[in-house]
Each structure stands twice: as C-alpha cells, then as structure tokens.
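Structure file work_29.txt (compact mmCIF, C-alpha atoms) follows.
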# COMPACT_ATOMS: atom_id res chain seq x y z
CA MET J 1 -46.83 1.33 54.42
CA ASN J 2 -44.22 -1.07 53.10
CA ASP J 3 -45.56 -0.78 49.58
CA LEU J 4 -45.42 2.99 49.79
CA THR J 5 -41.75 2.88 50.79
CA ILE J 6 -40.97 0.71 47.77
CA ILE J 7 -42.80 3.05 45.42
CA ILE J 8 -41.11 6.14 46.84
CA THR J 9 -37.71 4.44 46.55
CA LEU J 10 -38.43 3.51 42.94
CA ILE J 11 -39.45 7.07 42.14
CA ALA J 12 -36.29 8.43 43.77
CA ILE J 13 -34.06 5.96 41.91
CA GLY J 14 -35.89 6.70 38.68
CA TYR J 15 -35.53 10.44 39.11
CA ILE J 16 -31.85 10.49 40.03
CA ALA J 17 -30.55 7.71 37.78
CA GLY J 18 -32.94 8.54 34.97
CA THR J 19 -31.99 12.20 34.80
CA TRP J 20 -28.31 11.30 34.86
CA ALA J 21 -28.67 8.66 32.14
CA GLU J 22 -30.72 10.98 29.96
CA LYS J 23 -28.17 13.79 30.20
CA ARG J 24 -25.39 11.37 29.31
CA HIS J 25 -27.35 10.04 26.36
CA TYR J 26 -28.05 13.56 25.07
CA ARG J 27 -24.37 14.45 25.32
CA SER J 28 -23.50 11.37 23.29
CA ILE J 29 -26.23 12.11 20.71
CA GLU J 30 -25.06 15.70 20.27
CA LYS J 31 -21.44 14.63 19.91
CA ARG J 32 -22.26 12.10 17.21
CA GLU J 33 -24.63 14.49 15.45
CA ARG J 34 -21.77 16.96 15.07
CA GLU J 35 -19.65 14.22 13.48
CA PHE J 36 -22.29 13.59 10.83
CA LEU J 37 -22.99 17.25 10.07
CA ASP J 38 -21.53 16.98 6.56
CA LEU J 39 -23.72 14.05 5.56
CA PRO J 40 -26.94 15.43 4.04
CA THR J 41 -29.97 13.43 5.12
CA VAL J 42 -33.16 14.34 3.32
CA SER J 43 -36.65 12.92 3.12
CA ILE J 44 -37.21 13.76 -0.54
CA LYS J 45 -37.01 11.08 -3.19
CA ASN J 46 -35.88 12.86 -6.32
CA VAL J 47 -32.63 14.69 -5.93
CA ASN J 48 -30.98 16.32 -8.92
CA ILE J 49 -28.03 14.06 -9.38
CA ASP J 50 -26.26 12.92 -12.48
CA ASP J 51 -27.06 9.24 -12.88
CA ALA J 52 -23.77 8.50 -14.56
CA LYS J 53 -21.91 9.67 -11.47
CA VAL J 54 -23.62 7.29 -9.05
CA LYS J 55 -21.19 4.67 -7.84
CA LYS J 56 -23.44 2.77 -5.49
CA ALA J 57 -26.90 2.97 -3.92
CA GLU J 58 -27.95 0.88 -0.98
CA ILE J 59 -30.48 0.81 1.80
CA VAL J 60 -29.39 1.86 5.28
CA TYR J 61 -31.33 1.52 8.50
CA GLY J 62 -31.06 1.84 12.23
CA GLY J 63 -33.32 1.36 15.21
CA ALA J 64 -33.40 1.98 18.94
CA VAL J 65 -35.71 0.95 21.76
CA ILE J 66 -35.91 3.51 24.55
CA SER J 67 -37.96 3.45 27.74
CA VAL J 68 -38.80 6.16 30.25
CA ASP J 69 -37.84 6.10 33.90
CA TYR J 70 -40.23 5.38 36.75
CA PHE J 71 -40.53 9.01 37.85
CA LYS J 72 -41.57 10.21 34.43
CA ARG J 73 -44.05 7.39 34.10
CA ILE J 74 -45.72 8.50 37.34
CA LEU J 75 -45.76 12.10 36.07
CA ALA J 76 -47.40 10.98 32.84
CA GLY J 77 -49.93 8.98 34.82
CA LEU J 78 -50.85 12.11 36.79
CA ARG J 79 -51.08 14.08 33.56
CA ASN J 80 -53.64 11.56 32.34
CA ILE J 81 -56.03 12.79 35.00
CA PHE J 82 -55.93 16.46 34.01
CA GLY J 83 -55.05 16.13 30.35
CA GLY J 84 -52.73 18.36 28.40
CA ALA J 85 -49.27 18.04 26.96
CA VAL J 86 -47.30 15.13 28.36
CA LYS J 87 -43.91 16.81 28.50
CA SER J 88 -42.16 13.94 30.23
CA TYR J 89 -42.61 11.67 27.23
CA GLU J 90 -41.30 14.19 24.74
CA SER J 91 -37.68 13.50 25.55
CA LEU J 92 -38.32 9.76 25.20
CA ILE J 93 -39.52 10.04 21.63
CA ASP J 94 -36.89 12.62 20.78
CA ARG J 95 -34.08 10.40 22.05
CA ALA J 96 -35.36 7.31 20.25
CA ARG J 97 -35.68 9.05 16.89
CA ARG J 98 -32.35 10.83 17.02
CA GLU J 99 -30.60 7.65 18.09
CA ALA J 100 -32.23 5.70 15.24
CA LEU J 101 -31.17 8.36 12.73
CA LEU J 102 -27.61 8.31 14.04
CA ARG J 103 -27.41 4.55 13.72
CA MET J 104 -28.70 4.76 10.20
CA LYS J 105 -26.00 7.32 9.37
CA ALA J 106 -23.36 5.17 11.08
CA MET J 107 -24.14 2.46 8.55
CA ALA J 108 -22.97 4.67 5.67
CA PRO J 109 -20.40 7.17 6.97
CA ASP J 110 -18.75 7.52 3.55
CA ALA J 111 -21.94 8.17 1.60
CA THR J 112 -22.49 11.42 -0.27
CA MET J 113 -26.08 11.70 0.91
CA ILE J 114 -28.97 9.71 2.30
CA ILE J 115 -32.26 10.25 0.50
CA ASN J 116 -35.86 9.23 1.10
CA VAL J 117 -35.47 8.86 4.84
CA ARG J 118 -38.50 7.45 6.60
CA ILE J 119 -38.88 7.27 10.36
CA GLU J 120 -41.31 4.87 11.88
CA THR J 121 -42.21 4.44 15.52
CA SER J 122 -43.92 1.55 17.18
CA THR J 123 -44.63 0.48 20.70
CA ILE J 124 -43.55 -2.95 21.71
CA GLY J 125 -44.29 -4.85 24.86
CA ARG J 126 -47.40 -5.94 26.58
CA LYS J 127 -50.26 -3.54 26.57
CA SER J 128 -52.72 -5.84 28.23
CA HIS J 129 -50.28 -6.58 31.02
CA LYS J 130 -50.72 -4.51 34.15
CA LYS J 131 -47.05 -3.60 34.43
CA SER J 132 -46.79 -2.70 30.81
CA VAL J 133 -43.32 -1.86 29.57
CA ALA J 134 -43.65 1.73 28.42
CA CYS J 135 -41.05 1.60 25.73
CA LEU J 136 -40.94 2.78 22.21
CA GLU J 137 -39.06 1.76 19.12
CA ALA J 138 -37.93 4.23 16.52
CA PHE J 139 -36.70 2.89 13.22
CA ALA J 140 -35.19 4.99 10.46
CA TYR J 141 -34.36 3.89 6.95
CA GLY J 142 -33.25 5.47 3.74
CA THR J 143 -31.16 5.04 0.62
CA ALA J 144 -27.50 5.95 0.80
CA ILE J 145 -26.05 7.35 -2.42
CA TYR J 146 -22.35 7.19 -3.18
CA LEU J 147 -21.17 9.56 -5.88
CA GLU J 148 -17.90 9.52 -7.74
CA GLU J 149 -15.71 12.51 -7.04
CA MET Y 1 -18.91 -8.10 35.58
CA SER Y 2 -17.85 -6.03 32.63
CA LYS Y 3 -19.54 -6.34 29.30
CA ARG Y 4 -18.04 -5.33 26.02
CA TYR Y 5 -20.25 -3.63 23.53
CA ASN Y 6 -19.15 -3.30 19.96
CA LEU Y 7 -20.62 -1.46 17.05
CA VAL Y 8 -21.49 -3.93 14.34
CA PHE Y 9 -21.78 -3.18 10.63
CA ASP Y 10 -25.39 -2.08 10.76
CA GLY Y 11 -24.97 0.11 13.80
CA SER Y 12 -26.67 -2.23 16.23
CA ILE Y 13 -24.99 -2.81 19.53
CA VAL Y 14 -24.28 -6.41 20.33
CA GLU Y 15 -22.41 -7.86 23.27
CA GLY Y 16 -18.80 -8.68 22.40
CA GLU Y 17 -18.98 -12.45 22.49
CA ASN Y 18 -22.21 -12.55 20.51
CA ILE Y 19 -20.91 -10.74 17.45
CA GLU Y 20 -19.63 -13.84 15.72
CA LYS Y 21 -22.86 -15.66 16.50
CA VAL Y 22 -24.99 -12.88 15.08
CA LYS Y 23 -22.85 -12.67 11.96
CA LYS Y 24 -23.14 -16.41 11.47
CA ASN Y 25 -26.86 -16.66 12.09
CA THR Y 26 -27.88 -13.73 9.95
CA ARG Y 27 -26.67 -13.28 6.45
CA THR Y 28 -25.89 -9.72 5.59
CA ALA Y 29 -28.08 -8.29 2.91
CA ASP Y 30 -25.22 -6.29 1.41
CA GLY Y 31 -23.84 -7.43 -1.90
CA ALA Y 32 -26.35 -10.11 -2.77
CA LEU Y 33 -28.85 -7.71 -4.28
CA ILE Y 34 -29.17 -3.97 -4.68
CA LEU Y 35 -31.68 -2.70 -2.15
CA THR Y 36 -33.16 0.78 -2.18
CA ASN Y 37 -36.24 2.42 -0.76
CA ILE Y 38 -36.74 4.75 -3.71
CA GLU Y 39 -38.55 3.81 -6.92
CA SER Y 40 -35.42 3.25 -8.95
CA VAL Y 41 -31.81 2.27 -8.67
CA PRO Y 42 -29.82 5.45 -9.37
CA GLY Y 43 -27.38 4.99 -12.20
CA LYS Y 44 -29.08 1.84 -13.43
CA LYS Y 45 -31.99 1.11 -15.71
CA ILE Y 46 -34.83 -1.18 -14.71
CA VAL Y 47 -35.48 -3.73 -17.47
CA GLU Y 48 -37.94 -6.11 -15.83
CA HIS Y 49 -40.46 -6.06 -12.96
CA PHE Y 50 -41.23 -9.16 -10.96
CA GLY Y 51 -43.82 -7.77 -8.55
CA LEU Y 52 -44.08 -7.75 -4.80
CA VAL Y 53 -41.69 -9.69 -2.60
CA SER Y 54 -41.95 -9.79 1.15
CA GLY Y 55 -40.49 -11.39 4.22
CA SER Y 56 -41.73 -11.47 7.77
CA THR Y 57 -40.72 -12.87 11.10
CA ILE Y 58 -42.29 -13.00 14.54
CA ARG Y 59 -39.99 -13.12 17.51
CA ALA Y 60 -40.26 -13.07 21.25
CA LYS Y 61 -37.57 -12.57 23.84
CA HIS Y 62 -37.03 -15.12 26.54
CA ILE Y 63 -38.29 -14.37 30.01
CA GLY Y 64 -34.89 -13.36 31.36
CA ARG Y 65 -34.65 -10.54 28.87
CA ASP Y 66 -38.15 -9.41 29.67
CA LEU Y 67 -37.22 -9.34 33.34
CA MET Y 68 -34.10 -7.30 32.59
CA ALA Y 69 -36.18 -4.94 30.50
CA SER Y 70 -38.65 -4.35 33.32
CA LEU Y 71 -35.76 -3.67 35.70
CA LYS Y 72 -34.24 -1.26 33.20
CA ASN Y 73 -37.61 0.44 33.04
CA ILE Y 74 -37.01 1.92 36.49
CA ILE Y 75 -34.14 4.10 35.35
CA GLY Y 76 -35.19 4.32 31.72
CA GLY Y 77 -32.88 4.51 28.75
CA GLU Y 78 -32.14 2.12 25.97
CA LEU Y 79 -33.35 -1.46 26.26
CA LYS Y 80 -30.45 -3.12 24.48
CA GLY Y 81 -32.03 -6.55 24.57
CA TYR Y 82 -35.06 -5.36 22.64
CA THR Y 83 -32.99 -3.32 20.19
CA GLU Y 84 -30.91 -6.37 19.45
CA LEU Y 85 -33.99 -8.55 19.08
CA LEU Y 86 -35.64 -6.20 16.62
CA ASN Y 87 -32.45 -5.73 14.63
CA ASP Y 88 -31.89 -9.46 14.26
CA SER Y 89 -35.48 -10.13 13.32
CA ARG Y 90 -35.56 -7.31 10.82
CA ARG Y 91 -32.44 -8.63 9.17
CA GLN Y 92 -34.06 -12.04 8.98
CA ALA Y 93 -37.16 -10.56 7.38
CA VAL Y 94 -34.95 -8.81 4.81
CA ASP Y 95 -33.10 -12.05 4.17
CA ARG Y 96 -36.37 -13.86 3.51
CA MET Y 97 -37.41 -11.12 1.13
CA ILE Y 98 -34.07 -11.45 -0.68
CA ASP Y 99 -34.49 -15.22 -0.97
CA GLN Y 100 -37.86 -14.72 -2.57
CA ALA Y 101 -36.46 -12.16 -5.01
CA GLN Y 102 -33.56 -14.41 -5.94
CA GLN Y 103 -35.93 -17.25 -6.73
CA LEU Y 104 -37.68 -14.95 -9.17
CA GLY Y 105 -34.40 -14.11 -10.83
CA ALA Y 106 -34.25 -10.49 -9.71
CA ASN Y 107 -31.03 -8.64 -8.98
CA ALA Y 108 -32.47 -5.67 -7.12
CA ILE Y 109 -35.35 -4.78 -4.83
CA VAL Y 110 -36.70 -1.24 -4.98
CA ASN Y 111 -39.20 0.72 -2.92
CA ILE Y 112 -38.64 -1.28 0.26
CA ARG Y 113 -40.90 -0.56 3.21
CA PHE Y 114 -40.73 -1.83 6.77
CA SER Y 115 -43.56 -2.28 9.19
CA THR Y 116 -43.85 -3.49 12.75
CA SER Y 117 -46.79 -4.81 14.70
CA SER Y 118 -47.13 -6.52 18.03
CA VAL Y 119 -49.15 -9.66 17.60
CA ALA Y 120 -49.01 -11.21 21.05
CA GLN Y 121 -47.66 -10.48 24.50
CA GLY Y 122 -43.97 -9.72 24.25
CA ALA Y 123 -43.75 -10.76 20.61
CA ALA Y 124 -43.28 -8.50 17.64
CA GLU Y 125 -43.80 -9.02 13.96
CA LEU Y 126 -41.32 -7.44 11.58
CA TYR Y 127 -42.33 -7.22 8.00
CA ALA Y 128 -40.34 -6.03 4.99
CA TYR Y 129 -41.71 -5.70 1.48
CA GLY Y 130 -40.61 -4.29 -1.83
CA THR Y 131 -40.67 -4.69 -5.58
CA ALA Y 132 -38.28 -7.14 -7.18
CA VAL Y 133 -36.75 -5.89 -10.41
CA ARG Y 134 -33.92 -6.65 -12.77
CA VAL Y 135 -31.54 -3.79 -13.53
CA GLU Y 136 -28.81 -3.33 -16.07
Using the file provided, produce a representation of the structure as structure tokens.
Amino acid sequence: MNDLTIIITLIAIGYIAGTWAEKRHYRSIEKREREFLDLPTVSIKNVNIDDAKVKKAEIVYGGAVISVDYFKRILAGLRNIFGGAVKSYESLIDRARREALLRMKAMAPDATMIINVRIETSTIGRKSHKKSVACLEAFAYGTAIYLEE
Amino acid sequence: MSKRYNLVFDGSIVEGENIEKVKKNTRTADGALILTNIESVPGKKIVEHFGLVSGSTIRAKHIGRDLMASLKNIIGGELKGYTELLNDSRRQAVDRMIDQAQQLGANAIVNIRFSTSSVAQGAAELYAYGTAVRVE
C-alpha cells in the first residue's frame, strides 16, 4: 500500500512538473529558433561558394542530454505491452535534437552558413541497472563558413 | 540556493563558479588548427596528407551526480550534469586528436567524425577522429 502511494505520487509529480517543464523548454526552443532563422543550416557538403571569398571555416558542435518524466516512462512501459507508436518519447527526442542544433548554432552566430550538419544520438546511462536512467543524448556538428561581404 | 548558469563559448551550460575551472582544464580547440567536418578546407588548398588522427576519452560521473540525475528523471528535462560531462570529455578527445596532429606537423584536420559508446555502467566513451592535413 505504501509503495503504491509513492508510485502514484511520483506519477503525479512527473505529470504536473514534467508537462510544465516541457512547455517552458519548447517556448525557449521556439524563441531561439526564431533568432537563428537567417543562419542557413544544411546537411549537404558541397555548396556553390567562391573559395576566394571564404574568410574562415571551423567546426561547430553542440549537445544536450534530455530525460523523460516519470509519467511518460510509465506510459511507454504500458505501450510496450500492446506495441505501436510510443508517442510519449517523441517529444523527448525532438527536444534533444533541436536543443543540440541550437547550441551548435550558438557557437557561430556570425557565420554565413553551417554546412555538412550531422546529428547523432546515443543513449547513456545504465541499461543493465534496474532503475535505468532513460535519457538520451543528441549531438550535432557541422562546419561553419564565414564569407567576406 | 541560487545557481548561476552561464553560456560558455561552445554553448554548453556550466555553473557560474566552474567556468574558470573548465576553461583552465580544457584547452579550446579554436585557433590551434583548422578543424572542419567536410573533405576540404574552403578557401585553402591541401598540400599534404598525414592520415588518420584520433582521440578518445572515457569518463564517468561521480555518484552524487548520478543521484541527482535519477532525481531529475522524475520530472524529466535536461540533465545538466551529464551534458556538462559529455561536453568536457568531447573537448578532451578533440584536444588529444589535435595533439596527435600537431606531432605529425599538420595544420588542419578535415573530415572529423564523432562517436559515442557506453562501455560500462555510468561511463561513456567519446571518440573523435579525422584526417590530418597540411593546407596552404
């Protein structure tokens, strides 16, 4: 009975605080994405640019580790029984990748463009452990190109 | 207790008092060599290839951070301790790669790739590799 109370409390905290934190994070992501709207970020390697105009080229990168809340983890656990799309984890991956991209852009705010962007995700933490930390790392990197005006 | 978070040069978030420590412990890759993740350095000509250079590091967080992370797992969101850990280690891996390239006499590393793997409980391996070249 006692254990059940703890679990229900955790779910309630996870649901309320988690939803609030996620909304706040999305607001912040959208605000910063608007700031970087004029910085082209592409995943292609060969862009038609005049080599003589290139002032500087350097690597830029950014990463973020995001975890899901307790409520969503329970939901995903239930989903494991029936199968199907695990919607509750979609926002987790989305947040991690967008945050990583934003941090990469924040490293070169004055660049003309960022080319050859690669995004890589990896899980960290202890899989074998019973209380495994369901968190995910997204890491984005690319080459920032600075052109002369 | 209020904590200050500042945005450091590479976009990672580090607690206010730790910024100086991080800057001191990790050399910044900028300036020493030209690093790109494309096959060339735009605007420059590659004159010599030195082959593969790589750097790796395996790091674990102390138990306090792990505990904080598992508490943070209840409400979800960013695990700043882990982000910081991975950022520091990745910078160290890049620094080791740069050291190797400098020993070869290179002045640029092209086609850099990063990879991550978890080797043991709570530890992560960060690996960076690329091709050392000399440009003109």
Inset, instruction - Compile the residues of chain Y that lie within 8 Å of chain J, evaluated using all atoms listed in the file, and express the compilation as an MDAnalysis selection string. - result: chainID Y and resid 9:12 34:38 41:44 69:70 73:80 82:83 87 115:118 120:124
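Atom CA of Asp110 of chain J lies 26.7 Å from atom CA of Ala132 of chain Y.
Closest to Thr57 of chain Y among Y:Asp99, Y:Ala128, Y:Ala108, Y:Leu71 is Y:Ala128, based on all atoms listed in the file.
Straight-line separation from atom CA of Ser91 of chain J to atom CA of Tyr26 of chain J: 9.6 Å.
Note that atom CA of Leu78 of chain J and atom CA of Ile6 of chain J are 18.7 Å apart.
Checking Y:Gly55, Y:Ile46, Y:Asp95, Y:Arg134 one by one against Phe114 of chain Y, counting all atoms listed in the file, you find the shortest gap at Y:Gly55.
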Inset, instruction - Could you please give me, as a list in words, the residues of protein, DNA or RNA lying at most 9 Å from (-46.8, 13.4, 29.5) in the coordinate frame of the file, considering all atoms listed in the file? - result: Lys72, Arg73, Leu75, Ala76, Gly77, Leu78, Arg79, Asn80, Gly83, Gly84, Ala85, Val86, Lys87, Ser88, Tyr89 and Glu90 of chain J
